[in-house]
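Note sheet for the following structure.
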Amino acid sequence: MNTLQSPRLLLLPAALALVIFVLQPANVDAQTQSGRPPQRPPAHTTEKEKMNAWTVGLAGGLLEGAPIRLAAEIARVVDDGENLHILPIVTRGATENLNSLLYLRGVDTAIINSDALEEYKIQVPEIQRRITYLLNLFPSELHIFVRPEIGSLQDLTGKKVNFNTQGTAAAYSGPLIFSRLGIDVEKTFIPHQVALEQMRKGEMAAVVFITSKPVDAFVRGRWEPGFKFLPLTYESKFEDYYLPAVLEANEYPNLIKQGERVSTIAVPTVLVAFNWPLQSNRYQRVARFVEYLFSRIDRLQAPGFDPKWKSINLAAAVPGPLRFAAAQAWLDRQARGARASQ
């Protein structure tokens, strides 16, 4: 047995030597590569990084809505080439924008209705800590427009009330408000233009608009005597997300008598951001966005932009979430500067 195995044993060192010889050039080459200075990234990689470094995604809403127009106007004024790139994003609606901000990649900021936070109280209990607001953009007033035979909100119980199409502010906030009032109606979600014609024929008791006043359909429309807006008193049940508001005769001269006012509530339309960690890249992007937007707000208030910008107060608070830290810091600096100049 030993004489048969000895040739194999003699061949084994030779085989190992061959393996070492074959592998050695590869090992030497690997060491040589690791010792070389790092190569420059390809030009296209550098350009990609530059384009993404200061890009901010802004969820705006439906194409036909006011929020996406405001998002586009923000981009016109704030965009600054490689220093800041704003991407207005068309979504399924302002009520869906909060969902986009929480879960959709590339979305840093969003325009939402303040009461959209209500939907997340159960599934995201800490929602008011995860979302911060930058700016209270404008209020969207509640308009409850009814037929002549409807004298009060309670008269709508069991009757057909339209809340516009799904994805609009009325379709989300309207049923939520009626639920808080304890009024159970037959809800429909069809275009308001169709619902208004049904109202004329007596097929629909009311329509609920939630949008900035004045509304063209009520300003230009001609309505028989008795068609009117129902009043809604601002109470403690609305303090978490809503603001008091009124509809006035100079806004709707065909429907409100001179000297009269119709009390109602408003849903704040808010520019919000995710509550990014202070040292994160995403926080730094939004902080730069705030700096540009706040310092250039006067450009948005000039002719050629939505008139809503003229009524915006940068310091106006929003019920619910905290203000984005960089936005509060900007306001504090302005306040200190104003005091120092006095």
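If you're wondering about the labels, chains in the structure tokens are A, B, ... by order shown, residues count from 1 in each chain, ligands from 1 in order shown.
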Point to revise | A:Leu101 surroundings by only C-alpha atoms, 7 Å radius, close-in-sequence under 6 positions cut, as a list in words | key: Val107, Asp108, Thr109, Ala110 and Phe274 of chain A
Those residues with C-alpha atoms, as an mmCIF file, in the first residue's frame please?
data_model
loop_
_atom_site.group_PDB
_atom_site.id
_atom_site.type_symbol
_atom_site.label_atom_id
_atom_site.label_comp_id
_atom_site.auth_asym_id
_atom_site.auth_seq_id
_atom_site.Cartn_x
_atom_site.Cartn_y
_atom_site.Cartn_z
ATOM 1 C CA VAL A 107 -41.784 63.625 -1.951
ATOM 2 C CA ASP A 108 -40.351 66.106 0.578
ATOM 3 C CA THR A 109 -43.231 68.561 0.890
ATOM 4 C CA ALA A 110 -46.958 68.612 0.131
ATOM 5 C CA PHE A 274 -41.973 65.488 6.680
#
Can you list every residue of stretch 170-195 of chain A that has an atom at most 12 Å from stretch 241-258 of chain A, with its nearest atom pair and the distance in Å to one decimal, using only C-alpha atoms, ordered by chain then number, as a Markdown table?
| residue | atom | partner | partner_atom | distance |
| --- | --- | --- | --- | --- |
| A:Ser173 | CA | A:Tyr242 | CA | 10.4 |
| A:Leu176 | CA | A:Tyr241 | CA | 11.4 |
| A:Ile177 | CA | A:Tyr242 | CA | 9.9 |
Review point. Which neighbours of A:Thr132 fall inside 9 Å, counting only C-alpha atoms, when residues of the same chain fewer than 4 positions from it are skipped, and could you give them as a PyMOL selection string?
Key: chain A and resi 128+271-275+321-325
Would you mind exporting all heavy atoms of the selected residues as a PDB file, in the first residue's frame?
ATOM      1  N   GLN A 128     -48.865  63.944  14.252  1.00  0.00           N
ATOM      2  CA  GLN A 128     -48.569  65.369  14.415  1.00  0.00           C
ATOM      3  C   GLN A 128     -47.109  65.625  14.765  1.00  0.00           C
ATOM      4  O   GLN A 128     -46.667  66.774  14.732  1.00  0.00           O
ATOM      5  CB  GLN A 128     -49.503  65.987  15.455  1.00  0.00           C
ATOM      6  CG  GLN A 128     -50.951  66.032  14.985  1.00  0.00           C
ATOM      7  CD  GLN A 128     -51.798  66.997  15.791  1.00  0.00           C
ATOM      8  OE1 GLN A 128     -51.292  67.745  16.627  1.00  0.00           O
ATOM      9  NE2 GLN A 128     -53.094  66.999  15.534  1.00  0.00           N
ATOM     10  N   LEU A 271     -48.991  74.141   3.488  1.00  0.00           N
ATOM     11  CA  LEU A 271     -47.767  73.578   2.924  1.00  0.00           C
ATOM     12  C   LEU A 271     -47.019  72.885   4.050  1.00  0.00           C
ATOM     13  O   LEU A 271     -46.639  73.531   5.040  1.00  0.00           O
ATOM     14  CB  LEU A 271     -46.912  74.687   2.309  1.00  0.00           C
ATOM     15  CG  LEU A 271     -45.562  74.278   1.707  1.00  0.00           C
ATOM     16  CD1 LEU A 271     -45.744  73.290   0.556  1.00  0.00           C
ATOM     17  CD2 LEU A 271     -44.797  75.510   1.231  1.00  0.00           C
ATOM     18  N   VAL A 272     -46.847  71.568   3.938  1.00  0.00           N
ATOM     19  CA  VAL A 272     -46.243  70.792   5.013  1.00  0.00           C
ATOM     20  C   VAL A 272     -45.006  70.042   4.518  1.00  0.00           C
ATOM     21  O   VAL A 272     -44.789  69.903   3.318  1.00  0.00           O
ATOM     22  CB  VAL A 272     -47.249  69.787   5.619  1.00  0.00           C
ATOM     23  CG1 VAL A 272     -48.419  70.503   6.262  1.00  0.00           C
ATOM     24  CG2 VAL A 272     -47.733  68.797   4.557  1.00  0.00           C
ATOM     25  N   ALA A 273     -44.229  69.560   5.472  1.00  0.00           N
ATOM     26  CA  ALA A 273     -43.043  68.760   5.168  1.00  0.00           C
ATOM     27  C   ALA A 273     -42.958  67.616   6.157  1.00  0.00           C
ATOM     28  O   ALA A 273     -43.510  67.683   7.261  1.00  0.00           O
ATOM     29  CB  ALA A 273     -41.773  69.609   5.252  1.00  0.00           C
ATOM     30  N   PHE A 274     -42.258  66.566   5.747  1.00  0.00           N
ATOM     31  CA  PHE A 274     -41.973  65.488   6.680  1.00  0.00           C
ATOM     32  C   PHE A 274     -40.992  66.019   7.728  1.00  0.00           C
ATOM     33  O   PHE A 274     -40.175  66.895   7.438  1.00  0.00           O
ATOM     34  CB  PHE A 274     -41.357  64.298   5.938  1.00  0.00           C
ATOM     35  CG  PHE A 274     -41.326  63.040   6.736  1.00  0.00           C
ATOM     36  CD1 PHE A 274     -42.443  62.238   6.839  1.00  0.00           C
ATOM     37  CD2 PHE A 274     -40.173  62.653   7.395  1.00  0.00           C
ATOM     38  CE1 PHE A 274     -42.421  61.072   7.600  1.00  0.00           C
ATOM     39  CE2 PHE A 274     -40.128  61.497   8.149  1.00  0.00           C
ATOM     40  CZ  PHE A 274     -41.262  60.702   8.262  1.00  0.00           C
ATOM     41  N   ASN A 275     -41.093  65.518   8.939  1.00  0.00           N
ATOM     42  CA  ASN A 275     -40.237  65.988  10.026  1.00  0.00           C
ATOM     43  C   ASN A 275     -38.888  65.273   9.972  1.00  0.00           C
ATOM     44  O   ASN A 275     -38.576  64.410  10.769  1.00  0.00           O
ATOM     45  CB  ASN A 275     -40.922  65.738  11.375  1.00  0.00           C
ATOM     46  CG  ASN A 275     -40.234  66.488  12.504  1.00  0.00           C
ATOM     47  OD1 ASN A 275     -39.383  67.342  12.273  1.00  0.00           O
ATOM     48  ND2 ASN A 275     -40.606  66.181  13.727  1.00  0.00           N
ATOM     49  N   PRO A 321     -50.195  70.498  13.893  1.00  0.00           N
ATOM     50  CA  PRO A 321     -48.758  70.184  13.920  1.00  0.00           C
ATOM     51  C   PRO A 321     -47.889  71.383  14.280  1.00  0.00           C
ATOM     52  O   PRO A 321     -48.341  72.530  14.272  1.00  0.00           O
ATOM     53  CB  PRO A 321     -48.486  69.727  12.475  1.00  0.00           C
ATOM     54  CG  PRO A 321     -49.513  70.453  11.661  1.00  0.00           C
ATOM     55  CD  PRO A 321     -50.745  70.509  12.533  1.00  0.00           C
ATOM     56  N   LEU A 322     -46.619  71.101  14.587  1.00  0.00           N
ATOM     57  CA  LEU A 322     -45.642  72.152  14.862  1.00  0.00           C
ATOM     58  C   LEU A 322     -45.086  72.706  13.554  1.00  0.00           C
ATOM     59  O   LEU A 322     -45.136  72.054  12.513  1.00  0.00           O
ATOM     60  CB  LEU A 322     -44.499  71.602  15.708  1.00  0.00           C
ATOM     61  CG  LEU A 322     -44.870  71.098  17.112  1.00  0.00           C
ATOM     62  CD1 LEU A 322     -43.651  70.466  17.781  1.00  0.00           C
ATOM     63  CD2 LEU A 322     -45.427  72.235  17.965  1.00  0.00           C
ATOM     64  N   ARG A 323     -44.514  73.914  13.625  1.00  0.00           N
ATOM     65  CA  ARG A 323     -43.901  74.496  12.443  1.00  0.00           C
ATOM     66  C   ARG A 323     -42.520  73.878  12.205  1.00  0.00           C
ATOM     67  O   ARG A 323     -41.807  73.560  13.153  1.00  0.00           O
ATOM     68  CB  ARG A 323     -43.769  76.018  12.588  1.00  0.00           C
ATOM     69  CG  ARG A 323     -43.526  76.738  11.250  1.00  0.00           C
ATOM     70  CD  ARG A 323     -43.201  78.198  11.473  1.00  0.00           C
ATOM     71  NE  ARG A 323     -44.272  78.962  12.053  1.00  0.00           N
ATOM     72  CZ  ARG A 323     -45.219  79.621  11.345  1.00  0.00           C
ATOM     73  NH1 ARG A 323     -45.215  79.562  10.042  1.00  0.00           N
ATOM     74  NH2 ARG A 323     -46.156  80.324  11.973  1.00  0.00           N
ATOM     75  N   PHE A 324     -42.159  73.697  10.951  1.00  0.00           N
ATOM     76  CA  PHE A 324     -40.844  73.191  10.559  1.00  0.00           C
ATOM     77  C   PHE A 324     -39.773  74.073  11.198  1.00  0.00           C
ATOM     78  O   PHE A 324     -39.855  75.296  11.156  1.00  0.00           O
ATOM     79  CB  PHE A 324     -40.736  73.207   9.039  1.00  0.00           C
ATOM     80  CG  PHE A 324     -39.510  72.569   8.477  1.00  0.00           C
ATOM     81  CD1 PHE A 324     -39.296  71.206   8.599  1.00  0.00           C
ATOM     82  CD2 PHE A 324     -38.577  73.327   7.794  1.00  0.00           C
ATOM     83  CE1 PHE A 324     -38.157  70.617   8.061  1.00  0.00           C
ATOM     84  CE2 PHE A 324     -37.443  72.754   7.251  1.00  0.00           C
ATOM     85  CZ  PHE A 324     -37.234  71.388   7.391  1.00  0.00           C
ATOM     86  N   ALA A 325     -38.760  73.464  11.805  1.00  0.00           N
ATOM     87  CA  ALA A 325     -37.778  74.200  12.606  1.00  0.00           C
ATOM     88  C   ALA A 325     -37.111  75.326  11.824  1.00  0.00           C
ATOM     89  O   ALA A 325     -36.925  76.433  12.338  1.00  0.00           O
ATOM     90  CB  ALA A 325     -36.723  73.236  13.155  1.00  0.00           C
TER      91      ALA A 325
END
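Excluding A:Lys187 and any residue on its chain fewer than 4 positions from it, the residues at most 6 Å away by only C-alpha atoms are Lys160, Val161 and Asn162 of chain A.
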**Study point:** Residues within 12 Å of stretch 222-225 of chain A, only C-alpha atoms, excluding chain neighbours under 3 positions, as a list of chain:residue names
**Key:** A:Phe145, A:Val146, A:Arg147, A:Pro148, A:Glu149, A:Leu196, A:Glu197, A:Met199, A:Arg200, A:Lys201, A:Asp216, A:Ala217, A:Phe218, A:Val219, A:Lys228, A:Phe229, A:Tyr252, A:Pro253, A:Asn254, A:Leu255, A:Ile256, A:Lys257
Convert the current residue selection to file output with N, CA and C atoms, as an mmCIF file, in the first residue's frame.
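Contents of selection.cif, as written:
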data_model
loop_
_atom_site.group_PDB
_atom_site.id
_atom_site.type_symbol
_atom_site.label_atom_id
_atom_site.label_comp_id
_atom_site.auth_asym_id
_atom_site.auth_seq_id
_atom_site.Cartn_x
_atom_site.Cartn_y
_atom_site.Cartn_z
ATOM 1 N N PHE A 145 -74.811 75.069 0.187
ATOM 2 C CA PHE A 145 -75.799 75.739 -0.669
ATOM 3 C C PHE A 145 -77.020 74.836 -0.793
ATOM 4 N N VAL A 146 -78.198 75.392 -0.467
ATOM 5 C CA VAL A 146 -79.400 74.555 -0.361
ATOM 6 C C VAL A 146 -80.574 75.130 -1.164
ATOM 7 N N ARG A 147 -81.561 74.268 -1.392
ATOM 8 C CA ARG A 147 -82.806 74.660 -2.056
ATOM 9 C C ARG A 147 -83.686 75.476 -1.104
ATOM 10 N N PRO A 148 -84.715 76.161 -1.644
ATOM 11 C CA PRO A 148 -85.567 77.037 -0.821
ATOM 12 C C PRO A 148 -86.259 76.338 0.341
ATOM 13 N N GLU A 149 -86.667 75.070 0.161
ATOM 14 C CA GLU A 149 -87.423 74.402 1.235
ATOM 15 C C GLU A 149 -86.556 73.952 2.403
ATOM 16 N N LEU A 196 -75.605 70.908 -9.382
ATOM 17 C CA LEU A 196 -76.318 72.188 -9.339
ATOM 18 C C LEU A 196 -77.536 72.171 -10.258
ATOM 19 N N GLU A 197 -77.419 71.529 -11.410
ATOM 20 C CA GLU A 197 -78.564 71.399 -12.304
ATOM 21 C C GLU A 197 -79.631 70.514 -11.680
ATOM 22 N N MET A 199 -80.159 70.309 -8.537
ATOM 23 C CA MET A 199 -80.782 71.146 -7.506
ATOM 24 C C MET A 199 -81.900 71.995 -8.093
ATOM 25 N N ARG A 200 -81.640 72.568 -9.251
ATOM 26 C CA ARG A 200 -82.664 73.400 -9.905
ATOM 27 C C ARG A 200 -83.941 72.605 -10.156
ATOM 28 N N LYS A 201 -83.777 71.315 -10.460
ATOM 29 C CA LYS A 201 -84.926 70.455 -10.772
ATOM 30 C C LYS A 201 -85.544 69.832 -9.526
ATOM 31 N N ASP A 216 -67.167 80.975 -8.519
ATOM 32 C CA ASP A 216 -67.783 81.474 -9.758
ATOM 33 C C ASP A 216 -69.209 80.994 -9.946
ATOM 34 N N ALA A 217 -69.489 79.759 -9.590
ATOM 35 C CA ALA A 217 -70.836 79.211 -9.799
ATOM 36 C C ALA A 217 -71.903 80.002 -9.058
ATOM 37 N N PHE A 218 -71.550 80.615 -7.941
ATOM 38 C CA PHE A 218 -72.505 81.396 -7.165
ATOM 39 C C PHE A 218 -72.468 82.879 -7.533
ATOM 40 N N VAL A 219 -71.334 83.333 -8.016
ATOM 41 C CA VAL A 219 -71.218 84.742 -8.418
ATOM 42 C C VAL A 219 -71.935 84.983 -9.745
ATOM 43 N N LYS A 228 -80.002 79.469 -1.093
ATOM 44 C CA LYS A 228 -79.206 80.198 -0.093
ATOM 45 C C LYS A 228 -78.073 79.347 0.464
ATOM 46 N N PHE A 229 -77.198 80.032 1.242
ATOM 47 C CA PHE A 229 -76.158 79.358 2.021
ATOM 48 C C PHE A 229 -76.671 79.170 3.450
ATOM 49 N N TYR A 252 -71.023 87.589 -2.614
ATOM 50 C CA TYR A 252 -72.141 86.907 -3.276
ATOM 51 C C TYR A 252 -73.375 87.813 -3.254
ATOM 52 N N PRO A 253 -73.341 88.899 -4.010
ATOM 53 C CA PRO A 253 -74.448 89.875 -3.951
ATOM 54 C C PRO A 253 -75.793 89.311 -4.394
ATOM 55 N N ASN A 254 -75.810 88.244 -5.204
ATOM 56 C CA ASN A 254 -77.079 87.681 -5.660
ATOM 57 C C ASN A 254 -77.704 86.730 -4.641
ATOM 58 N N LEU A 255 -76.939 86.378 -3.616
ATOM 59 C CA LEU A 255 -77.431 85.378 -2.667
ATOM 60 C C LEU A 255 -77.451 85.866 -1.215
ATOM 61 N N ILE A 256 -76.672 86.906 -0.905
ATOM 62 C CA ILE A 256 -76.622 87.431 0.460
ATOM 63 C C ILE A 256 -76.999 88.912 0.419
ATOM 64 N N LYS A 257 -77.944 89.297 1.254
ATOM 65 C CA LYS A 257 -78.406 90.685 1.274
ATOM 66 C C LYS A 257 -77.327 91.590 1.852
#
Practice item. Give the alpha helix (DSSP H) residues of stretch 118-334 of chain A, as assigned by DSSP on the backbone, as a ChimeraX atom specification. Key: /A:127-130,169-181,192-200,216-219,281-295,297-300,325-334
